[in-house]
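Okay, so here's the structure we're looking at.
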Amino acid sequence: MKGKILGIFGVLVVLCTYLAFATSDPWWNLGTSKFLQPGNIQNLLNRLSLFGILGIGVAFVIITSGIDLSIGSTVCLCGVLLSILLKVDYQPVEQIAVSQIVASEKMIIADAVAGELKPGTTFRYTGGVGSGLVLTTESSSISDGALRIRIKENLTRNEKDGRLVVASPVTRIESGDAVVAEVSSDLNVNVGDQLQLVKADGAVTTQKVSNVETAGTTKRLTLAKDPGEKYRADAFAIVLQRHQRTSIPVAILVVLVVATVLGLIHGLLVTKVKLQPFVVTLCALLIYRGVSRWLTNDNPAGFGELQEVLGPVASGRVGLLFRGQEMVFGIPIPFFLLTAIGVVASVFLGRTIWGRYLLA
């Protein structure tokens with residue numbers, strides 16, 4: 001076994017040596033080798049980490065004389081599930097469902113759950129031909145279990161569905177070291193939410209809120225960027241609250257449980273039902289791939305804004321060489337994960353009774 005490992009290691013050394021000289025110009029000047037460039041070494045370590053971690057898992061299957069064709073599809077399915085569990089949505093704080101619009105009477109009939117609206121209350125209607133327009137309440141009342149809102153603006157046609165979202169007037173927008181929008185202190189907004197700025201003609205832009213300060217009857221909201229001159233006057237604000245389906249630790253735990261259950265099912269089908277590993281894992285490959293495509297509707301799946309949090313785990317580096325403040329070379333964080341998993345696997349196989357049993 002040791003001789004075989006040394007042989008494989010020797011082949012890798014010879015291959016790397018060849019590539020180092022083959023990509024040099026002239027061939028003996030290793031300082032010009034493209035293979036030995038820091039960026040290429042970092043990329044190799046990153047790729048090695050991914051496939052190395054997967055390889056350690058497959059090694060246990062191969063040691064027991066098994067085979068697993070579904071590992072790629074399993075990784076894909078777990079990645080898709082993780083992105084779904086960590087999906088972030090932004091929804092208005094309160095929405096009122098519309099059941100009917102009578103244009104001739106300037107009347108909107110909606111769900112009465114929200115209660116009556118005060119005269120002068122502004123809201124944005126979405127769902128029909130007039131979708132996106134900001135309307136103003138003239139009066140409202142509740143009758144027959146429905147909220148009847150009479151508006152000041154003229155409507156062009158009747159509608160049978162849609163929704164209303166209350167919009168608060170923006171006092172002003174300042175631009176300086178930071179872009180600050182002043183709104184009513186009654187507006188329920190937190191850091192991380194989005195502020196949707198709308199105009200009476202339906203124009204809309206969305207900005208992320210990075211800071212909230214309350215001063216008397218107003219709130220000063222620091223926006224990610226300047227919405228433009230168009231929204232500095234006569235604009236209305238709608239708060240889109242941030243909703244993340246699950247926390248990162250819970251999502252990772254769920255994915256690990258799913259992967260463990262899938263592996264357990266494979267094992268039971270092979271050991272108890274006596275199906276061939278090739279057949280089990282080939283069918284699993286097709287099933288997991290199909291489920292992944294169905295869950296994503298054949299679209300790319302990612303982590304969105306959480307990429308800033310999760311990205312360093314996959315692409316972060318521990319710097320070793322610097323040129324001033326610039327990192328020239330660093331070891332990718334996944335390589336440390338590979339090393340840790342490799343050490344644990346080695347100890348398990350070589351130092352425990354269960355590992356020796358597998359190798360026997």
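Labels for the structure tokens follow display order: chains A, B, ..., residues from 1 in each chain, ligands from 1.
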
DSSP on the backbone, strand (DSSP E or B) only: what residues of region 57-282 of chain A does that give? Format it as an mmCIF file with C-alpha atoms, in the first residue's frame.
```
data_model
loop_
_atom_site.group_PDB
_atom_site.id
_atom_site.type_symbol
_atom_site.label_atom_id
_atom_site.label_comp_id
_atom_site.auth_asym_id
_atom_site.auth_seq_id
_atom_site.Cartn_x
_atom_site.Cartn_y
_atom_site.Cartn_z
ATOM 1 C CA VAL A 88 -33.824 36.148 0.823
ATOM 2 C CA ASP A 89 -37.122 37.814 -0.117
ATOM 3 C CA TYR A 90 -38.236 41.414 0.278
ATOM 4 C CA GLN A 91 -41.941 41.940 0.823
ATOM 5 C CA PRO A 92 -44.031 44.988 1.773
ATOM 6 C CA GLN A 95 -50.510 44.380 1.718
ATOM 7 C CA ILE A 96 -54.243 44.727 1.148
ATOM 8 C CA ALA A 97 -55.868 42.340 -1.313
ATOM 9 C CA VAL A 98 -58.160 43.997 -3.875
ATOM 10 C CA SER A 99 -61.305 42.170 -4.961
ATOM 11 C CA GLN A 100 -62.788 44.768 -7.311
ATOM 12 C CA ILE A 101 -62.223 48.245 -8.747
ATOM 13 C CA VAL A 102 -65.178 50.286 -10.006
ATOM 14 C CA MET A 107 -64.075 52.969 -5.761
ATOM 15 C CA ILE A 108 -61.723 50.194 -4.678
ATOM 16 C CA ILE A 109 -63.208 47.227 -2.820
ATOM 17 C CA ALA A 110 -60.591 45.412 -0.781
ATOM 18 C CA ASP A 111 -60.010 43.095 2.160
ATOM 19 C CA THR A 122 -51.518 57.203 -0.116
ATOM 20 C CA PHE A 123 -51.005 53.715 -1.454
ATOM 21 C CA ARG A 124 -49.608 51.993 -4.512
ATOM 22 C CA TYR A 125 -51.839 49.738 -6.563
ATOM 23 C CA THR A 126 -50.398 46.753 -8.434
ATOM 24 C CA VAL A 134 -49.884 55.972 -6.457
ATOM 25 C CA LEU A 135 -53.441 56.731 -5.356
ATOM 26 C CA THR A 136 -54.833 58.889 -2.539
ATOM 27 C CA THR A 137 -57.668 57.988 -0.189
ATOM 28 C CA GLU A 138 -60.590 60.418 -0.131
ATOM 29 C CA SER A 139 -62.684 58.339 2.259
ATOM 30 C CA SER A 140 -63.114 54.733 3.327
ATOM 31 C CA SER A 141 -65.674 52.586 5.084
ATOM 32 C CA ILE A 142 -66.330 48.961 5.890
ATOM 33 C CA SER A 143 -69.576 47.342 4.786
ATOM 34 C CA ALA A 146 -65.295 44.596 2.707
ATOM 35 C CA LEU A 147 -63.228 47.771 2.799
ATOM 36 C CA ARG A 148 -64.541 50.360 0.360
ATOM 37 C CA ILE A 149 -62.012 53.038 -0.551
ATOM 38 C CA ARG A 150 -62.985 56.110 -2.526
ATOM 39 C CA ILE A 151 -59.961 57.691 -4.180
ATOM 40 C CA GLU A 159 -60.391 45.490 -12.314
ATOM 41 C CA ARG A 163 -53.168 44.598 -4.123
ATOM 42 C CA LEU A 164 -52.606 47.837 -2.271
ATOM 43 C CA VAL A 165 -49.468 48.807 -0.383
ATOM 44 C CA VAL A 166 -49.511 51.881 1.837
ATOM 45 C CA ALA A 167 -46.903 54.441 0.746
ATOM 46 C CA SER A 168 -45.494 57.124 3.037
ATOM 47 C CA PRO A 169 -44.472 60.536 1.640
ATOM 48 C CA ARG A 172 -36.654 65.010 1.407
ATOM 49 C CA ILE A 173 -33.559 63.240 0.124
ATOM 50 C CA GLU A 174 -30.112 64.602 0.920
ATOM 51 C CA SER A 175 -26.873 63.809 -0.887
ATOM 52 C CA VAL A 179 -27.570 59.573 0.739
ATOM 53 C CA VAL A 180 -30.245 60.119 3.399
ATOM 54 C CA ALA A 181 -34.020 59.958 2.949
ATOM 55 C CA GLU A 182 -36.297 61.489 5.575
ATOM 56 C CA VAL A 183 -39.628 59.760 6.190
ATOM 57 C CA SER A 184 -42.235 59.591 8.934
ATOM 58 C CA GLN A 194 -35.163 47.865 1.159
ATOM 59 C CA LEU A 195 -36.829 51.207 0.527
ATOM 60 C CA GLN A 196 -38.924 51.394 -2.614
ATOM 61 C CA LEU A 197 -39.229 54.965 -3.861
ATOM 62 C CA VAL A 198 -42.226 55.513 -6.139
ATOM 63 C CA VAL A 204 -40.047 53.203 -9.085
ATOM 64 C CA THR A 205 -36.545 52.535 -7.780
ATOM 65 C CA THR A 206 -35.386 50.334 -4.914
ATOM 66 C CA GLN A 207 -32.553 51.098 -2.504
ATOM 67 C CA LYS A 208 -31.082 49.133 0.378
ATOM 68 C CA VAL A 209 -31.220 50.743 3.826
ATOM 69 C CA SER A 210 -27.824 50.681 5.548
ATOM 70 C CA ASN A 211 -28.632 52.819 8.602
ATOM 71 C CA VAL A 212 -31.709 54.097 10.462
ATOM 72 C CA GLU A 213 -31.803 57.105 12.790
ATOM 73 C CA THR A 214 -34.912 58.429 14.531
ATOM 74 C CA ALA A 215 -35.127 62.170 15.160
ATOM 75 C CA THR A 218 -38.940 61.648 11.336
ATOM 76 C CA LYS A 219 -36.613 58.800 10.479
ATOM 77 C CA ARG A 220 -33.397 59.354 8.568
ATOM 78 C CA LEU A 221 -32.628 56.400 6.345
ATOM 79 C CA THR A 222 -29.176 56.017 4.830
ATOM 80 C CA LEU A 223 -29.495 54.552 1.331
ATOM 81 C CA PHE A 236 -43.348 58.097 -1.728
ATOM 82 C CA ALA A 237 -41.650 55.339 0.255
ATOM 83 C CA ILE A 238 -42.651 51.698 0.645
ATOM 84 C CA VAL A 239 -40.692 49.509 3.036
ATOM 85 C CA LEU A 240 -39.786 46.043 1.782
ATOM 86 C CA GLN A 241 -38.875 43.966 4.806
ATOM 87 C CA ARG A 242 -36.099 41.415 4.521
ATOM 88 C CA HIS A 243 -37.118 37.786 5.052
ATOM 89 C CA GLN A 244 -34.548 34.983 5.017
#
```

### Message
With DSSP run on the backbone, what are the alpha helix (DSSP H) residues within region 109-280 of chain A? I'd like them as a list in words.
### Response
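These are the residues in question: Ile248, Pro249, Val250, Ala251, Ile252, Leu253, Val254, Val255, Leu256, Val257, Val258, Ala259, Thr260, Val261, Leu262, Gly263, Leu264, Ile265, His266, Gly267, Leu268, Leu269, Val270, Thr271, Pro277, Phe278, Val279 and Val280 of chain A.
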
### Message
I'd like the contact shell of region 267-280 of chain A - 9 Å cut-off, only C-alpha atoms, skipping same-chain residues fewer than 4 positions apart - returned as a list in words.
### Response
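Contacts, with the query itself left out: Gly66, Ile67, Asp68, Leu69, Ser70, Leu262, Gly263, Ala284 and Leu285 of chain A.
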
Expected file contents, prior selection, all heavy atoms, as a CSV table (one decimal), in the first residue's frame:
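This is the output file part09.csv:
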```csv
chain,number,residue,atom,x,y,z
A,66,GLY,N,-17.4,-0.9,-3.3
A,66,GLY,CA,-18.6,-0.3,-3.8
A,66,GLY,C,-18.3,0.7,-4.9
A,66,GLY,O,-17.1,0.8,-5.3
A,67,ILE,N,-19.3,1.3,-5.4
A,67,ILE,CA,-19.1,2.4,-6.4
A,67,ILE,C,-20.3,3.4,-6.3
A,67,ILE,O,-21.4,3.0,-5.8
A,67,ILE,CB,-19.2,1.7,-7.9
A,67,ILE,CG1,-18.9,2.8,-8.9
A,67,ILE,CG2,-20.6,1.1,-8.1
A,67,ILE,CD1,-18.7,2.2,-10.3
A,68,ASP,N,-20.0,4.6,-6.5
A,68,ASP,CA,-21.0,5.7,-6.4
A,68,ASP,C,-20.9,6.6,-7.6
A,68,ASP,O,-20.0,7.4,-7.8
A,68,ASP,CB,-20.8,6.5,-5.1
A,68,ASP,CG,-22.0,7.4,-4.8
A,68,ASP,OD1,-22.8,7.5,-5.7
A,68,ASP,OD2,-22.0,7.9,-3.7
A,69,LEU,N,-21.9,6.5,-8.5
A,69,LEU,CA,-22.0,7.3,-9.7
A,69,LEU,C,-22.7,8.6,-9.5
A,69,LEU,O,-22.8,9.5,-10.3
A,69,LEU,CB,-22.6,6.5,-10.8
A,69,LEU,CG,-22.0,5.2,-11.3
A,69,LEU,CD1,-22.8,4.6,-12.3
A,69,LEU,CD2,-20.6,5.4,-11.7
A,70,SER,N,-23.4,8.7,-8.3
A,70,SER,CA,-24.3,9.8,-8.1
A,70,SER,C,-23.7,11.0,-7.3
A,70,SER,O,-24.4,11.9,-7.0
A,70,SER,CB,-25.5,9.3,-7.3
A,70,SER,OG,-25.2,8.9,-6.0
A,262,LEU,N,-29.9,10.3,2.2
A,262,LEU,CA,-29.7,9.8,0.8
A,262,LEU,C,-28.6,8.7,0.8
A,262,LEU,O,-28.8,7.6,0.2
A,262,LEU,CB,-29.3,10.9,-0.1
A,262,LEU,CG,-30.4,12.0,-0.4
A,262,LEU,CD1,-29.9,13.0,-1.4
A,262,LEU,CD2,-31.7,11.4,-1.0
A,263,GLY,N,-27.5,8.9,1.5
A,263,GLY,CA,-26.5,7.9,1.6
A,263,GLY,C,-27.0,6.7,2.3
A,263,GLY,O,-26.7,5.5,1.9
A,284,ALA,N,-29.9,7.0,-8.9
A,284,ALA,CA,-29.9,8.2,-8.1
A,284,ALA,C,-29.3,9.4,-8.8
A,284,ALA,O,-29.8,10.5,-8.7
A,284,ALA,CB,-29.0,7.9,-6.8
A,285,LEU,N,-28.3,9.2,-9.6
A,285,LEU,CA,-27.7,10.3,-10.4
A,285,LEU,C,-28.8,10.9,-11.3
A,285,LEU,O,-28.9,12.2,-11.3
A,285,LEU,CB,-26.6,9.7,-11.3
A,285,LEU,CG,-25.9,10.6,-12.3
A,285,LEU,CD1,-24.5,10.1,-12.5
A,285,LEU,CD2,-26.6,10.8,-13.6
```

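For the choices A:Ser292, A:Ser33, A:Asn190, A:Asn46, the atom-to-atom distance to Thr17 (chain A) is smallest for A:Ser33 when using only C-alpha atoms.
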
#### Entry: Shell of 12 Å around Lys34 (chain A), only C-alpha atoms, local chain residues under 5 positions omitted, as a list in words
Cys16, Leu19, Ala20, Phe21, Ala22, Thr23, Ser24, Asp25, Pro26, Trp27, Asn29, Gly39, Asn40 and Ile41 of chain A

Those selected residues, please, written with N, CA, C and O atoms and delivered as a PDB file, in the first residue's frame.
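Just written: result26.pdb:
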```pdb
ATOM      1  N   CYS A  16       4.117  17.599 -12.430  1.00  0.00           N
ATOM      2  CA  CYS A  16       4.224  19.019 -12.068  1.00  0.00           C
ATOM      3  C   CYS A  16       5.551  19.605 -12.547  1.00  0.00           C
ATOM      4  O   CYS A  16       5.607  20.754 -13.010  1.00  0.00           O
ATOM      5  N   LEU A  19       5.268  20.243 -16.283  1.00  0.00           N
ATOM      6  CA  LEU A  19       4.440  21.415 -16.577  1.00  0.00           C
ATOM      7  C   LEU A  19       5.169  22.707 -16.231  1.00  0.00           C
ATOM      8  O   LEU A  19       5.027  23.720 -16.924  1.00  0.00           O
ATOM      9  N   ALA A  20       5.946  22.678 -15.149  1.00  0.00           N
ATOM     10  CA  ALA A  20       6.687  23.879 -14.756  1.00  0.00           C
ATOM     11  C   ALA A  20       7.681  24.277 -15.836  1.00  0.00           C
ATOM     12  O   ALA A  20       7.789  25.457 -16.204  1.00  0.00           O
ATOM     13  N   PHE A  21       8.420  23.303 -16.376  1.00  0.00           N
ATOM     14  CA  PHE A  21       9.403  23.614 -17.422  1.00  0.00           C
ATOM     15  C   PHE A  21       8.724  23.864 -18.769  1.00  0.00           C
ATOM     16  O   PHE A  21       9.168  24.721 -19.545  1.00  0.00           O
ATOM     17  N   ALA A  22       7.653  23.122 -19.056  1.00  0.00           N
ATOM     18  CA  ALA A  22       7.000  23.240 -20.362  1.00  0.00           C
ATOM     19  C   ALA A  22       6.332  24.596 -20.552  1.00  0.00           C
ATOM     20  O   ALA A  22       6.160  25.056 -21.687  1.00  0.00           O
ATOM     21  N   THR A  23       5.942  25.247 -19.465  1.00  0.00           N
ATOM     22  CA  THR A  23       5.265  26.547 -19.577  1.00  0.00           C
ATOM     23  C   THR A  23       6.221  27.711 -19.341  1.00  0.00           C
ATOM     24  O   THR A  23       5.781  28.847 -19.152  1.00  0.00           O
ATOM     25  N   SER A  24       7.533  27.429 -19.324  1.00  0.00           N
ATOM     26  CA  SER A  24       8.535  28.484 -19.152  1.00  0.00           C
ATOM     27  C   SER A  24       9.068  28.921 -20.510  1.00  0.00           C
ATOM     28  O   SER A  24       9.087  28.149 -21.473  1.00  0.00           O
ATOM     29  N   ASP A  25       9.513  30.160 -20.590  1.00  0.00           N
ATOM     30  CA  ASP A  25      10.072  30.690 -21.838  1.00  0.00           C
ATOM     31  C   ASP A  25      11.272  31.587 -21.512  1.00  0.00           C
ATOM     32  O   ASP A  25      11.097  32.709 -21.035  1.00  0.00           O
ATOM     33  N   PRO A  26      12.504  31.082 -21.734  1.00  0.00           N
ATOM     34  CA  PRO A  26      12.867  29.743 -22.235  1.00  0.00           C
ATOM     35  C   PRO A  26      12.590  28.664 -21.190  1.00  0.00           C
ATOM     36  O   PRO A  26      12.335  28.975 -20.032  1.00  0.00           O
ATOM     37  N   TRP A  27      12.698  27.436 -21.597  1.00  0.00           N
ATOM     38  CA  TRP A  27      12.220  26.333 -20.764  1.00  0.00           C
ATOM     39  C   TRP A  27      12.965  26.202 -19.449  1.00  0.00           C
ATOM     40  O   TRP A  27      12.423  25.705 -18.466  1.00  0.00           O
ATOM     41  N   ASN A  29      14.100  28.690 -17.573  1.00  0.00           N
ATOM     42  CA  ASN A  29      13.873  29.846 -16.697  1.00  0.00           C
ATOM     43  C   ASN A  29      12.530  29.682 -15.975  1.00  0.00           C
ATOM     44  O   ASN A  29      11.482  30.102 -16.460  1.00  0.00           O
ATOM     45  N   GLY A  39      -1.284  32.808  -8.941  1.00  0.00           N
ATOM     46  CA  GLY A  39      -2.705  32.641  -9.227  1.00  0.00           C
ATOM     47  C   GLY A  39      -3.046  31.224  -9.639  1.00  0.00           C
ATOM     48  O   GLY A  39      -4.082  30.675  -9.240  1.00  0.00           O
ATOM     49  N   ASN A  40      -2.162  30.600 -10.437  1.00  0.00           N
ATOM     50  CA  ASN A  40      -2.417  29.232 -10.881  1.00  0.00           C
ATOM     51  C   ASN A  40      -2.300  28.242  -9.726  1.00  0.00           C
ATOM     52  O   ASN A  40      -3.102  27.305  -9.609  1.00  0.00           O
ATOM     53  N   ILE A  41      -1.300  28.447  -8.860  1.00  0.00           N
ATOM     54  CA  ILE A  41      -1.136  27.558  -7.701  1.00  0.00           C
ATOM     55  C   ILE A  41      -2.352  27.660  -6.784  1.00  0.00           C
ATOM     56  O   ILE A  41      -2.869  26.650  -6.278  1.00  0.00           O
TER      57      ILE A  41
END
```

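The gap separating CA of Leu133 (chain A) from CA of Asp201 (chain A) is 5.8 Å, in Å to one decimal.
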